[in-house]
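Enquirer: Sharing upload.txt, compact mmCIF, C-alpha atoms and all ligand atoms:
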# COMPACT_ATOMS: atom_id res chain seq x y z
CA MET C 1 79.48 -42.30 -14.09
CA ARG C 2 75.95 -43.03 -15.26
CA ILE C 3 73.26 -40.85 -16.84
CA LEU C 4 69.70 -42.14 -16.54
CA LEU C 5 67.09 -40.26 -18.55
CA TYR C 6 63.35 -40.78 -18.05
CA THR C 7 61.08 -39.52 -20.78
CA GLY C 8 57.44 -39.86 -21.82
CA LYS C 9 54.20 -37.99 -22.33
CA GLY C 10 53.10 -35.33 -19.83
CA GLY C 11 51.50 -36.74 -16.68
CA VAL C 12 52.60 -40.38 -17.07
CA GLY C 13 54.88 -40.26 -14.05
CA LYS C 14 58.34 -39.18 -15.27
CA THR C 15 59.03 -36.88 -12.37
CA SER C 16 57.84 -39.41 -9.78
CA THR C 17 59.95 -42.13 -11.39
CA SER C 18 63.03 -39.89 -11.61
CA ALA C 19 62.70 -38.77 -8.01
CA ALA C 20 62.17 -42.33 -6.73
CA THR C 21 65.15 -43.54 -8.76
CA ALA C 22 67.32 -40.72 -7.44
CA LEU C 23 66.39 -41.57 -3.86
CA ARG C 24 67.32 -45.21 -4.37
CA CYS C 25 70.65 -44.31 -5.99
CA ALA C 26 71.52 -41.95 -3.15
CA GLY C 27 70.51 -44.65 -0.68
CA LEU C 28 73.00 -46.99 -2.33
CA GLY C 29 75.72 -44.44 -1.67
CA TYR C 30 76.02 -42.99 -5.16
CA ARG C 31 76.57 -39.24 -5.32
CA THR C 32 73.36 -38.46 -7.18
CA ALA C 33 72.03 -35.39 -8.98
CA VAL C 34 68.47 -35.27 -10.24
CA LEU C 35 67.69 -32.57 -12.81
CA SER C 36 64.40 -31.65 -14.31
CA THR C 37 64.52 -30.19 -17.83
CA ASP C 38 60.75 -30.15 -18.24
CA PRO C 39 59.60 -26.52 -18.09
CA ALA C 40 56.55 -27.84 -16.22
CA HIS C 41 58.72 -28.43 -13.15
CA SER C 42 57.35 -30.65 -10.43
CA LEU C 43 60.46 -32.15 -8.90
CA GLY C 44 59.82 -29.94 -5.89
CA ASP C 45 56.33 -31.45 -5.51
CA SER C 46 57.76 -34.96 -5.57
CA PHE C 47 60.21 -34.17 -2.76
CA ASP C 48 57.65 -31.95 -1.09
CA ARG C 49 59.97 -28.95 -0.86
CA ARG C 50 61.10 -25.99 -2.93
CA ILE C 51 63.79 -26.69 -5.52
CA GLY C 52 65.05 -23.91 -7.78
CA ASN C 53 67.56 -23.21 -10.51
CA GLU C 54 70.50 -23.99 -8.21
CA LEU C 55 71.50 -27.46 -7.09
CA VAL C 56 70.16 -28.05 -3.59
CA GLU C 57 70.87 -30.90 -1.20
CA LEU C 58 67.72 -32.99 -0.71
CA ALA C 59 69.07 -35.89 1.32
CA PRO C 60 72.50 -37.39 2.03
CA ASN C 61 74.21 -37.96 -1.38
CA LEU C 62 71.28 -36.39 -3.19
CA TRP C 63 71.09 -33.04 -4.99
CA GLY C 64 68.31 -31.67 -7.18
CA GLN C 65 67.83 -28.82 -9.64
CA GLU C 66 64.95 -27.52 -11.70
CA ILE C 67 66.69 -25.98 -14.67
CA ASP C 68 65.59 -22.49 -15.64
CA LEU C 69 65.65 -22.64 -19.41
CA LEU C 70 65.87 -18.92 -20.16
CA ASN C 71 68.64 -18.34 -17.68
CA GLN C 72 70.53 -21.32 -19.00
CA MET C 73 70.10 -20.24 -22.60
CA ASP C 74 71.38 -16.78 -21.89
CA LYS C 75 74.47 -18.28 -20.30
CA TYR C 76 75.41 -20.31 -23.38
CA TRP C 77 73.89 -18.43 -26.28
CA GLY C 78 73.65 -14.86 -24.99
CA ARG C 79 76.71 -13.45 -26.75
CA VAL C 80 75.96 -15.15 -30.06
CA GLN C 81 72.35 -14.08 -29.87
CA GLY C 82 73.42 -10.51 -29.23
CA TYR C 83 75.55 -10.53 -32.36
CA LEU C 84 72.91 -12.20 -34.53
CA ASN C 85 70.41 -9.58 -33.36
CA THR C 86 72.67 -6.79 -34.61
CA LEU C 87 73.41 -8.63 -37.85
CA PHE C 88 69.78 -9.33 -38.66
CA ALA C 89 68.81 -5.77 -37.79
CA TRP C 90 71.58 -4.49 -40.09
CA GLN C 91 70.16 -6.70 -42.84
CA GLY C 92 66.94 -4.74 -42.41
CA MET C 93 65.04 -7.24 -40.34
CA ASP C 94 62.45 -5.79 -38.02
CA GLY C 95 63.69 -5.63 -34.41
CA LEU C 96 61.28 -8.15 -33.00
CA VAL C 97 61.68 -10.58 -35.90
CA ALA C 98 65.47 -10.29 -35.63
CA GLU C 99 65.26 -11.07 -31.95
CA GLU C 100 63.17 -14.16 -32.56
CA SER C 101 65.34 -15.38 -35.42
CA SER C 102 68.45 -15.22 -33.28
CA VAL C 103 67.14 -17.96 -31.00
CA LEU C 104 67.56 -21.41 -32.44
CA PRO C 105 64.41 -23.51 -32.26
CA GLY C 106 64.74 -25.73 -29.20
CA MET C 107 67.67 -23.68 -27.92
CA GLU C 108 66.18 -23.29 -24.46
CA GLU C 109 65.81 -27.00 -23.90
CA LEU C 110 69.18 -27.56 -25.41
CA ALA C 111 70.82 -25.27 -22.93
CA SER C 112 69.35 -27.39 -20.17
CA LEU C 113 71.05 -30.45 -21.58
CA MET C 114 74.32 -28.55 -21.53
CA GLN C 115 73.96 -28.38 -17.77
CA ILE C 116 74.02 -32.18 -17.80
CA THR C 117 77.29 -32.16 -19.71
CA TYR C 118 78.66 -29.65 -17.26
CA LEU C 119 77.71 -31.73 -14.22
CA ALA C 120 78.87 -34.93 -15.85
CA ASP C 121 82.29 -33.47 -16.52
CA SER C 122 82.56 -31.93 -13.05
CA GLY C 123 83.38 -35.37 -11.67
CA ASN C 124 81.24 -34.62 -8.61
CA TYR C 125 78.53 -37.16 -9.34
CA ASP C 126 78.30 -40.90 -9.84
CA VAL C 127 74.77 -40.77 -11.22
CA ILE C 128 72.88 -38.00 -13.01
CA ILE C 129 69.16 -38.56 -13.37
CA ILE C 130 67.20 -36.51 -15.88
CA ASP C 131 63.52 -35.90 -15.62
CA ALA C 132 63.11 -34.92 -19.26
CA ALA C 133 60.48 -32.81 -20.96
CA PRO C 134 57.55 -34.61 -22.60
CA THR C 135 58.54 -36.73 -25.53
CA GLY C 136 58.20 -34.28 -28.41
CA SER C 137 60.62 -31.63 -27.22
CA THR C 138 63.10 -34.08 -25.70
CA LEU C 139 63.45 -35.71 -29.08
CA GLN C 140 63.79 -32.40 -30.81
CA LEU C 141 66.49 -31.57 -28.36
CA LEU C 142 68.32 -34.84 -28.80
CA SER C 143 68.48 -34.23 -32.53
CA PHE C 144 70.16 -30.97 -31.75
CA PRO C 145 73.79 -31.72 -32.47
CA ASP C 146 72.70 -32.45 -36.04
CA MET C 147 70.44 -29.45 -36.23
CA ALA C 148 72.81 -26.94 -34.68
CA ARG C 149 75.56 -27.91 -37.02
CA TRP C 150 73.24 -27.30 -39.94
CA TYR C 151 72.00 -24.03 -38.51
CA ILE C 152 75.43 -22.68 -37.73
CA GLU C 153 76.65 -23.49 -41.22
CA LYS C 154 73.65 -21.89 -42.88
CA VAL C 155 73.01 -18.89 -40.70
CA PHE C 156 76.40 -18.00 -39.43
CA PRO C 157 77.99 -16.39 -42.43
CA PHE C 158 81.61 -16.27 -41.32
CA GLN C 159 84.47 -18.56 -40.64
CA ARG C 160 86.75 -17.46 -37.88
CA LYS C 161 89.88 -17.40 -40.00
CA THR C 162 88.21 -15.51 -42.82
CA ILE C 163 87.12 -12.82 -40.41
CA GLN C 164 90.55 -12.37 -38.92
CA LEU C 165 91.86 -11.58 -42.40
CA ALA C 166 88.89 -9.62 -43.67
CA ARG C 167 88.07 -7.55 -40.59
CA PRO C 168 90.16 -4.47 -41.53
CA VAL C 169 88.89 -4.50 -45.11
CA VAL C 170 85.24 -4.95 -44.22
CA LYS C 171 85.57 -2.21 -41.58
CA ARG C 172 86.75 0.27 -44.25
CA PHE C 173 84.13 -0.43 -46.87
CA SER C 174 81.05 -1.46 -44.99
CA ASP C 175 79.25 -0.92 -41.71
CA MET C 176 78.24 -4.55 -41.60
CA PRO C 177 78.52 -5.77 -38.01
CA ILE C 178 81.42 -8.20 -37.62
CA PRO C 179 81.42 -10.75 -34.84
CA ASP C 180 84.00 -10.26 -32.07
CA GLU C 181 86.40 -12.97 -31.05
CA ASP C 182 84.23 -13.82 -28.06
CA VAL C 183 81.28 -14.57 -30.34
CA PHE C 184 83.43 -17.19 -32.03
CA ASP C 185 84.57 -18.44 -28.64
CA SER C 186 80.92 -18.84 -27.68
CA ILE C 187 80.09 -20.74 -30.84
CA GLU C 188 83.04 -23.03 -30.45
CA GLU C 189 82.15 -23.65 -26.85
CA LEU C 190 78.58 -24.36 -27.86
CA VAL C 191 79.57 -26.77 -30.60
CA ALA C 192 82.02 -28.50 -28.27
CA TYR C 193 79.33 -28.87 -25.59
CA LEU C 194 76.90 -30.22 -28.17
CA GLU C 195 79.35 -32.74 -29.40
CA ARG C 196 80.26 -33.77 -25.87
CA MET C 197 76.58 -34.06 -24.96
CA SER C 198 75.90 -36.19 -27.98
CA VAL C 199 78.86 -38.44 -27.14
CA LEU C 200 77.71 -38.85 -23.52
CA LEU C 201 74.05 -39.46 -24.28
CA SER C 202 74.71 -41.95 -27.05
CA ASP C 203 77.33 -43.92 -25.13
CA PRO C 204 75.56 -47.03 -23.82
CA GLN C 205 78.24 -47.40 -21.12
CA VAL C 206 77.25 -44.02 -19.70
CA SER C 207 73.63 -43.39 -20.59
CA SER C 208 70.40 -45.33 -20.39
CA MET C 209 67.11 -43.87 -21.54
CA ARG C 210 63.94 -45.23 -20.06
CA VAL C 211 60.51 -44.69 -21.54
CA VAL C 212 57.76 -44.01 -19.01
CA LEU C 213 54.18 -44.77 -20.02
CA ASN C 214 50.74 -45.77 -18.78
CA PRO C 215 48.81 -48.78 -20.09
CA GLU C 216 46.57 -46.61 -22.28
CA LYS C 217 46.37 -46.93 -26.04
CA MET C 218 47.22 -43.35 -26.95
CA VAL C 219 50.09 -43.20 -24.49
CA VAL C 220 51.54 -46.48 -25.73
CA LYS C 221 51.41 -45.32 -29.37
CA GLU C 222 53.26 -42.13 -28.54
CA ALA C 223 55.82 -44.02 -26.48
CA GLN C 224 56.44 -46.38 -29.39
CA ARG C 225 57.07 -43.45 -31.66
CA ALA C 226 59.48 -41.98 -29.10
CA TYR C 227 61.27 -45.31 -28.98
CA THR C 228 61.70 -45.28 -32.75
CA TYR C 229 63.19 -41.80 -32.70
CA LEU C 230 65.49 -42.53 -29.77
CA ASN C 231 66.82 -45.41 -31.82
CA LEU C 232 67.06 -43.24 -34.89
CA TYR C 233 69.35 -40.86 -33.04
CA GLY C 234 71.32 -43.73 -31.58
CA TYR C 235 70.39 -43.23 -27.92
CA PRO C 236 70.43 -46.41 -25.84
CA VAL C 237 67.05 -47.35 -24.36
CA ASP C 238 67.24 -50.13 -21.76
CA ALA C 239 63.84 -50.31 -20.03
CA VAL C 240 60.20 -49.27 -20.02
CA VAL C 241 58.35 -48.12 -16.91
CA CYS C 242 54.65 -48.90 -17.06
CA ASN C 243 53.11 -46.72 -14.37
CA ARG C 244 49.62 -46.57 -12.85
CA VAL C 245 48.61 -50.19 -13.37
CA PHE C 246 45.40 -51.00 -11.48
CA PRO C 247 46.24 -53.75 -8.97
CA GLN C 248 44.49 -57.11 -9.39
CA GLN C 249 43.22 -57.07 -5.81
CA LEU C 250 41.09 -54.05 -6.71
CA SER C 251 37.70 -55.76 -6.42
CA ASP C 252 35.27 -52.92 -7.11
CA SER C 253 33.41 -53.85 -10.32
CA TYR C 254 33.50 -50.17 -11.30
CA PHE C 255 37.11 -50.77 -12.40
CA ASP C 256 36.47 -54.01 -14.33
CA LEU C 257 36.55 -52.35 -17.74
CA TRP C 258 39.67 -50.41 -16.84
CA LYS C 259 41.38 -53.57 -15.64
CA SER C 260 40.64 -55.55 -18.79
CA ALA C 261 41.67 -52.63 -21.03
CA GLN C 262 44.89 -52.27 -19.06
CA ALA C 263 45.64 -55.99 -19.34
CA GLU C 264 45.23 -55.73 -23.11
CA ASN C 265 47.42 -52.64 -23.33
CA LEU C 266 50.08 -54.20 -21.13
CA GLN C 267 50.35 -56.99 -23.67
CA LEU C 268 50.65 -54.32 -26.37
CA VAL C 269 53.52 -52.78 -24.41
CA ARG C 270 55.31 -56.13 -24.04
CA ASP C 271 55.00 -56.80 -27.78
CA ALA C 272 56.02 -53.31 -28.87
CA PHE C 273 59.08 -53.02 -26.66
CA HIS C 274 60.30 -56.59 -26.68
CA PRO C 275 63.05 -57.45 -25.60
CA LEU C 276 63.24 -54.51 -23.16
CA PRO C 277 62.22 -55.26 -19.58
CA ILE C 278 58.95 -53.64 -18.49
CA PHE C 279 58.78 -52.35 -14.89
CA GLU C 280 55.22 -52.19 -13.66
CA VAL C 281 54.16 -49.71 -10.99
CA PRO C 282 50.67 -49.90 -9.48
CA PHE C 283 48.23 -47.04 -9.22
CA PHE C 284 48.92 -46.14 -5.59
CA ALA C 285 46.22 -45.20 -3.13
CA GLN C 286 47.68 -41.68 -3.02
CA GLU C 287 49.86 -39.25 -4.96
CA VAL C 288 53.60 -39.84 -5.09
CA THR C 289 54.85 -36.99 -2.98
CA GLY C 290 57.25 -36.94 -0.04
CA MET C 291 60.07 -39.32 0.89
CA ALA C 292 57.87 -42.21 2.11
CA MET C 293 55.90 -42.45 -1.15
CA LEU C 294 59.08 -42.08 -3.19
CA GLN C 295 60.62 -44.98 -1.22
CA GLN C 296 57.54 -47.05 -1.93
CA MET C 297 57.73 -46.26 -5.62
CA ALA C 298 61.45 -47.16 -5.70
CA ASP C 299 60.64 -50.47 -3.96
CA THR C 300 58.07 -51.42 -6.58
CA LEU C 301 60.33 -50.32 -9.43
CA TYR C 302 63.59 -51.90 -8.36
CA GLY C 303 62.75 -54.27 -5.52
CA PRO C 304 62.88 -53.73 -1.74
CA ALA C 305 65.51 -51.27 -0.45
CA GLY C 306 66.62 -53.76 2.23
CA LYS C 307 67.85 -56.20 -0.42
CA ALA C 308 69.34 -53.62 -2.78
CA MET C 309 73.06 -53.85 -3.49
CA ARG C 310 75.39 -51.58 -5.39
CA GLY C 311 75.96 -53.04 -8.84
CA GLY C 312 73.49 -55.84 -8.17
CA GLU C 313 69.86 -56.46 -7.33
CA GLY C 314 67.80 -53.30 -6.83
CA ASP C 315 70.38 -50.93 -8.31
CA PRO C 316 68.80 -48.55 -10.89
CA THR C 317 72.19 -47.83 -12.48
CA ARG C 318 72.44 -51.38 -13.85
CA TYR C 319 72.12 -51.92 -17.59
CA PHE C 320 68.72 -53.54 -17.93
CA TYR C 321 69.20 -54.32 -21.58
CA ILE C 322 72.32 -54.24 -23.70
CA GLY C 323 71.62 -53.83 -27.40
CA LYS C 324 73.82 -53.10 -30.35
CA PRO C 325 73.87 -49.47 -31.42
CA GLN C 326 75.18 -48.47 -34.84
CA GLU C 327 77.26 -51.24 -36.40
CA ILE C 328 79.31 -51.55 -39.58
CA PHE C 329 80.06 -54.94 -41.09
CA ARG C 330 81.03 -56.61 -44.37
CA GLN C 331 78.40 -58.65 -46.17
CA ASP C 332 78.21 -60.01 -49.73
CA GLY C 333 80.82 -57.66 -51.15
CA ALA C 334 79.38 -54.56 -49.50
CA TYR C 335 79.76 -52.63 -46.26
CA VAL C 336 76.58 -52.49 -44.24
CA LEU C 337 75.73 -49.71 -41.82
CA SER C 338 73.15 -51.12 -39.43
CA ILE C 339 71.07 -48.96 -37.09
CA PRO C 340 68.37 -50.19 -34.72
CA LEU C 341 65.06 -48.74 -35.88
CA PRO C 342 61.96 -50.41 -34.48
CA LEU C 343 59.22 -48.63 -36.38
CA VAL C 344 55.59 -48.05 -35.69
CA GLU C 345 54.90 -47.70 -39.41
CA ARG C 346 57.53 -49.00 -41.79
CA GLU C 347 56.83 -47.18 -45.00
CA GLN C 348 57.88 -43.76 -43.77
CA VAL C 349 61.67 -44.02 -44.03
CA HIS C 350 63.52 -41.87 -46.59
CA LEU C 351 67.25 -42.01 -47.18
CA HIS C 352 69.51 -39.67 -49.06
CA ARG C 353 72.99 -38.20 -49.10
CA SER C 354 73.68 -34.57 -48.30
CA VAL C 355 76.28 -32.44 -50.01
CA PHE C 356 78.42 -32.81 -46.88
CA ASP C 357 78.66 -36.56 -47.36
CA GLU C 358 76.22 -37.20 -44.60
CA LEU C 359 73.54 -39.80 -44.70
CA ILE C 360 70.13 -38.29 -44.06
CA VAL C 361 67.52 -40.61 -42.60
CA ARG C 362 64.09 -39.08 -42.54
CA ILE C 363 61.03 -40.54 -40.86
CA GLY C 364 58.01 -38.26 -41.04
CA ASN C 365 59.14 -34.92 -39.66
CA TRP C 366 62.19 -36.35 -37.95
CA LYS C 367 65.50 -36.17 -39.60
CA ARG C 368 68.90 -37.41 -38.64
CA ASN C 369 72.14 -36.52 -40.34
CA ILE C 370 74.55 -39.34 -39.76
CA ALA C 371 78.10 -38.18 -40.38
CA LEU C 372 79.40 -41.14 -42.31
CA PRO C 373 82.77 -42.65 -41.56
CA LEU C 374 85.31 -41.50 -44.10
CA GLY C 375 85.43 -44.85 -45.84
CA LEU C 376 81.69 -45.11 -46.36
CA ALA C 377 81.34 -41.49 -47.42
CA LYS C 378 83.28 -42.37 -50.56
CA LEU C 379 80.93 -45.21 -51.52
CA GLU C 380 77.54 -45.29 -53.23
CA ILE C 381 74.46 -46.44 -51.33
CA ALA C 382 73.51 -49.73 -52.92
CA GLY C 383 70.30 -50.32 -51.03
CA ALA C 384 68.57 -50.48 -47.68
CA LYS C 385 66.40 -53.11 -46.07
CA TYR C 386 64.83 -54.11 -42.83
CA VAL C 387 66.23 -57.03 -40.93
CA GLU C 388 64.10 -57.53 -37.85
CA ASP C 389 64.12 -54.21 -36.02
CA ARG C 390 67.18 -52.83 -37.76
CA LEU C 391 67.64 -50.78 -40.87
CA ASN C 392 70.61 -52.10 -42.85
CA ILE C 393 72.04 -49.72 -45.42
CA SER C 394 74.56 -51.20 -47.80
CA PHE C 395 77.37 -49.35 -49.48
CA ALA C 396 78.72 -50.80 -52.73
CA LEU C 397 82.35 -51.83 -53.06
CA ASP C 398 84.47 -52.71 -56.07
CA ALA C 399 85.16 -56.43 -56.26
CA GLN C 400 88.18 -56.73 -53.94
CA GLN C 401 88.21 -53.29 -52.34
CA GLU C 402 88.99 -53.33 -48.62
CA LEU C 403 88.77 -50.28 -46.37
CA PRO C 404 91.36 -49.70 -43.64
CA PRO C 405 89.71 -49.94 -40.19
CA GLU C 406 90.44 -46.31 -39.26
CA GLU C 407 88.32 -45.21 -42.21
CA LEU C 408 85.32 -46.91 -40.69
CA LYS C 409 85.42 -44.87 -37.49
CA SER C 410 82.88 -42.14 -36.85
CA THR C 411 83.98 -38.78 -38.16
CA THR C 412 81.58 -36.39 -36.47
CA TRP C 413 84.19 -34.74 -34.29
CA GLN C 414 86.80 -34.57 -37.03
CA THR C 415 84.27 -32.96 -39.34
CA LEU C 416 83.37 -30.35 -36.76
CA LYS C 417 86.97 -29.65 -35.93
CA ALA C 418 87.80 -29.13 -39.58
CA ARG C 419 84.88 -26.77 -39.93
CA PHE C 420 85.25 -24.72 -36.77
CA GLY C 421 88.77 -25.33 -35.57
CA GLY C 422 87.10 -26.07 -32.23
CA LYS C 423 88.62 -27.53 -29.12
CA LYS C 424 87.11 -30.30 -27.08
CA PRO C 425 86.10 -29.32 -23.53
N1 LIG N 501 51.70 -44.83 -9.61
C1 LIG N 501 51.07 -43.74 -9.22
N2 LIG N 501 50.04 -43.80 -8.36
C2 LIG N 501 49.41 -42.67 -7.95
N3 LIG N 501 49.73 -41.43 -8.32
C3 LIG N 501 50.76 -41.30 -9.18
C4 LIG N 501 51.50 -42.42 -9.67
N4 LIG N 501 52.48 -41.96 -10.48
C5 LIG N 501 52.37 -40.61 -10.50
N5 LIG N 501 51.34 -40.21 -9.72
C6 LIG N 501 50.90 -38.82 -9.53
O1 LIG N 501 50.46 -38.34 -10.79
C7 LIG N 501 50.84 -36.98 -11.00
C8 LIG N 501 51.71 -36.84 -12.23
O2 LIG N 501 52.93 -37.55 -12.03
P1 LIG N 501 54.33 -36.95 -12.48
O3 LIG N 501 55.39 -37.88 -12.00
O4 LIG N 501 54.45 -35.53 -12.06
O5 LIG N 501 54.19 -37.06 -14.07
P2 LIG N 501 55.04 -36.35 -15.23
O6 LIG N 501 56.33 -35.90 -14.64
O7 LIG N 501 55.22 -37.44 -16.25
O8 LIG N 501 54.22 -35.24 -15.75
C9 LIG N 501 51.53 -36.56 -9.71
O9 LIG N 501 50.58 -35.93 -8.89
C10 LIG N 501 51.99 -37.86 -9.09
O10 LIG N 501 52.07 -37.79 -7.69
MG MG N 502 57.06 -33.90 -14.61
Can I see the file as C-alpha cells?
Expert:
Amino acid sequence: MRILLYTGKGGVGKTSTSAATALRCAGLGYRTAVLSTDPAHSLGDSFDRRIGNELVELAPNLWGQEIDLLNQMDKYWGRVQGYLNTLFAWQGMDGLVAEESSVLPGMEELASLMQITYLADSGNYDVIIIDAAPTGSTLQLLSFPDMARWYIEKVFPFQRKTIQLARPVVKRFSDMPIPDEDVFDSIEELVAYLERMSVLLSDPQVSSMRVVLNPEKMVVKEAQRAYTYLNLYGYPVDAVVCNRVFPQQLSDSYFDLWKSAQAENLQLVRDAFHPLPIFEVPFFAQEVTGMAMLQQMADTLYGPAGKAMRGGEGDPTRYFYIGKPQEIFRQDGAYVLSIPLPLVEREQVHLHRSVFDELIVRIGNWKRNIALPLGLAKLEIAGAKYVEDRLNISFALDAQQELPPEELKSTTWQTLKARFGGKKP
C-alpha cells in the first residue's frame, strides 16, 4: 500500500496534480482513493462532479472524498471535548472560552488525517492520494503526534489508573467532574491513531510526499521552507512538481519577461531541491477540469498513459527518490543521530533536552520533540553540526562504552504505552 501526499501553497495546483495522479493510478489497476483535506475543497471541480464527505466512486478503481473537518473532529474528539468543556466550566472558565479551549489547535485538520489511517488500515486500497491543505496547516498537522502528546500530558489532569482508584473518594468530597471510562477510551484511541498515522506517514516504504510549486520566487521560498519542515518531522519527500511553466513555443513577446523569470526560478528550484527529481507541467491552454484534462496532466507528469506500466515507467507510486531518514551511527567515540535538514537559513536551529528525555529541535516557530532511543536518552549531547544537508547531533560516550542494539531503537510507542497503557489499533 502506498500513500502519496501532495502539498504546497494555495493555488499552485495541488488538487489538479492529486486528481491527475489518482486517475493514472486507477488506470494502472490500483484500487485508488483520493482524499482532499484542504478545507478549500476543489476535488469536485477537478473531476467536474459533486464529491462530498462520503467516499464516492469516480471511475473504475477510483474513489474520492472531500473530508468534512468538523464532522470528522466530532467523531474522534467529541467525547473528550464534551468532558473538557465540563471540566473547564467547573474550573470557572466562561462557557465560550471553555468550549474553545477544549479543541486542540489543528484538531480539525488532524481528524482528517485520521481518516487516512482508517482507510489505510481498511485494506481496501492499494494507493491513497492526499490533496493536502496549504503548506502551513499541513505542517502543523504533521507535527501533531508530538503536540498532542504534550497537550494531553499538560491539559489532561488524570491518569486512567489513578481515576479508577480515586473516583469514589473524589465523588464524596468534591463535585469536580471526573472523566468516564469512555473518555479514556477516546483518548487512547486518539493517541493510538496519532501514533499509527505518524508511523505510516514517516515510513518511506509507504509514504511519499511531493511538493507542488510554481516557478515564482515567493512560491519557491515557501516550498523550500516546507521542505525543511517535512524533513524536520522525518517525512519522506521524493519529488517536486513544478506546475504552470510557460511553454517555450509561446512566441508572443508579451510573455518574454515571464519566460525569462520562470527560467531563472526553475534553476532556483533545481538547486534548492537537488537531488529530488523535478516534474514540470506546462501552463495549459485551459483549466484542469474534467477527465480529458486530468489525463493530459497525468501524461505530462508521468509520461504517456499508453506506455505506463505497473511498477515501472509512468507509475506514480514509484519511489522517485530514496533518501536516508533518521540514522544513528558510531563516530569518533560518540553516537551520532543524523536527521536530514536542508535549511533555507541555517542559523535558526535550537536544540535542547526536555524533562521527558526528548530531544527538542526548534527552527523558528516549528518544534519537533524527537523521542530519543533509550540508549541515547541516557547520554549527554556533545555537539551538533551540519554535514551537507543533514544535522548530526553527537551523544558523548565513556571511552569503551557500547550500547546494545535494542537500546538504539525508537521508543515513541513504548513511551506512549507506558504513559497511557494504550493499545495499538
Ligand atoms: N498547469 C495548469 N495549466 C492551467 N491551469 C491550471 C494548471 N494547473 C492548475 N490549473 C488551474 O488553476 C486553478 C488552481 O489549481 P488547483 O489544482 O485547484 O490548485 P490548489 O489545489 O493548489 O489550490 C484551477 O482552476 C486549475 O484548473
Ligand atoms: Mg486545492
Enquirer: What do you get as a list in words if you pick all residues at most 6 Å from ligand MG 502 (chain N), counting all atoms listed in the file?
Expert: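 Here is the list of contacting residues: Lys14, Thr15, His41 and Ser42 of chain C.
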Enquirer: Please build the interface table for chain C against ligand LIG 501 (chain N) with a cut-off of 7 Å, listing for each qualifying residue the nearest atom pair and the distance in Å to one decimal; count all atoms listed in the file, order rows by chain and increasing number, and write it as CSV.
Expert:
residue,atom,partner,partner_atom,distance
C:Gly8,CA,N:LIG501,O7,6.5
C:Lys9,CA,N:LIG501,O7,6.2
C:Gly10,CA,N:LIG501,O8,4.2
C:Gly11,CA,N:LIG501,O8,3.2
C:Val12,CA,N:LIG501,O7,4.0
C:Gly13,CA,N:LIG501,O3,3.2
C:Lys14,CA,N:LIG501,O7,3.7
C:Thr15,CA,N:LIG501,O6,3.7
C:Ser16,CA,N:LIG501,O3,3.6
C:Thr17,CA,N:LIG501,O3,6.3
C:Ser42,CA,N:LIG501,O4,5.9
C:Ser46,CA,N:LIG501,O10,6.7
C:Asn243,CA,N:LIG501,N1,5.3
C:Arg244,CA,N:LIG501,N1,4.2
C:Val281,CA,N:LIG501,N1,5.6
C:Pro282,CA,N:LIG501,N1,5.2
C:Phe283,CA,N:LIG501,N2,3.8
C:Phe284,CA,N:LIG501,N2,3.8
C:Ala285,CA,N:LIG501,C2,6.3
C:Gln286,CA,N:LIG501,C2,5.3
C:Glu287,CA,N:LIG501,O10,3.8
C:Val288,CA,N:LIG501,O10,3.6
C:Thr289,CA,N:LIG501,O10,5.5
Enquirer: Emit the selected residues as a PDB file, keeping the file's coordinate frame, including C-alpha atoms.
Expert:
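Output below, filename out_30.pdb:
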ATOM      1  CA  GLY C   8      57.440 -39.860 -21.820  1.00  0.00           C
ATOM      2  CA  LYS C   9      54.200 -37.990 -22.330  1.00  0.00           C
ATOM      3  CA  GLY C  10      53.100 -35.330 -19.830  1.00  0.00           C
ATOM      4  CA  GLY C  11      51.500 -36.740 -16.680  1.00  0.00           C
ATOM      5  CA  VAL C  12      52.600 -40.380 -17.070  1.00  0.00           C
ATOM      6  CA  GLY C  13      54.880 -40.260 -14.050  1.00  0.00           C
ATOM      7  CA  LYS C  14      58.340 -39.180 -15.270  1.00  0.00           C
ATOM      8  CA  THR C  15      59.030 -36.880 -12.370  1.00  0.00           C
ATOM      9  CA  SER C  16      57.840 -39.410  -9.780  1.00  0.00           C
ATOM     10  CA  THR C  17      59.950 -42.130 -11.390  1.00  0.00           C
ATOM     11  CA  SER C  42      57.350 -30.650 -10.430  1.00  0.00           C
ATOM     12  CA  SER C  46      57.760 -34.960  -5.570  1.00  0.00           C
ATOM     13  CA  ASN C 243      53.110 -46.720 -14.370  1.00  0.00           C
ATOM     14  CA  ARG C 244      49.620 -46.570 -12.850  1.00  0.00           C
ATOM     15  CA  VAL C 281      54.160 -49.710 -10.990  1.00  0.00           C
ATOM     16  CA  PRO C 282      50.670 -49.900  -9.480  1.00  0.00           C
ATOM     17  CA  PHE C 283      48.230 -47.040  -9.220  1.00  0.00           C
ATOM     18  CA  PHE C 284      48.920 -46.140  -5.590  1.00  0.00           C
ATOM     19  CA  ALA C 285      46.220 -45.200  -3.130  1.00  0.00           C
ATOM     20  CA  GLN C 286      47.680 -41.680  -3.020  1.00  0.00           C
ATOM     21  CA  GLU C 287      49.860 -39.250  -4.960  1.00  0.00           C
ATOM     22  CA  VAL C 288      53.600 -39.840  -5.090  1.00  0.00           C
ATOM     23  CA  THR C 289      54.850 -36.990  -2.980  1.00  0.00           C
TER      24      THR C 289
END
Enquirer: Go ahead and compute the interatomic distance for atom CA of Ile278 of chain C and atom CA of Asp238 of chain C, in Å to one decimal.
Expert: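 Atom CA of Ile278 of chain C sits 9.6 Å away from atom CA of Asp238 of chain C.
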Enquirer: Give the answer as one residue: which of C:Met309, C:Pro247, C:Asp315, C:Glu216 has the shortest atom-to-atom distance to Leu266 of chain C, using only C-alpha atoms?
Expert: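 Selected residue with least distance to Leu266 of chain C: C:Glu216.
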Enquirer: Can you work out which one of C:Met1, C:Gly27, C:Val183, C:Asn369 has the shortest atom-to-atom distance to Lys307 of chain C, counting all atoms listed in the file?
Expert: C:Gly27
Enquirer: Hey, could you make a per-residue contact list for segment 249-292 of chain C against segment 320-331 of chain C with 9 Å as the cut-off, showing the nearest pair of atoms and its distance in Å to one decimal, counting all atoms listed in the file, sorted by chain and number, as JSON lines?
Expert:
{"residue": "C:Pro275", "atom": "CA", "partner": "C:Tyr321", "partner_atom": "CA", "distance": 8.0}
{"residue": "C:Leu276", "atom": "CA", "partner": "C:Tyr321", "partner_atom": "CA", "distance": 6.2}
{"residue": "C:Pro277", "atom": "CA", "partner": "C:Phe320", "partner_atom": "CA", "distance": 6.9}
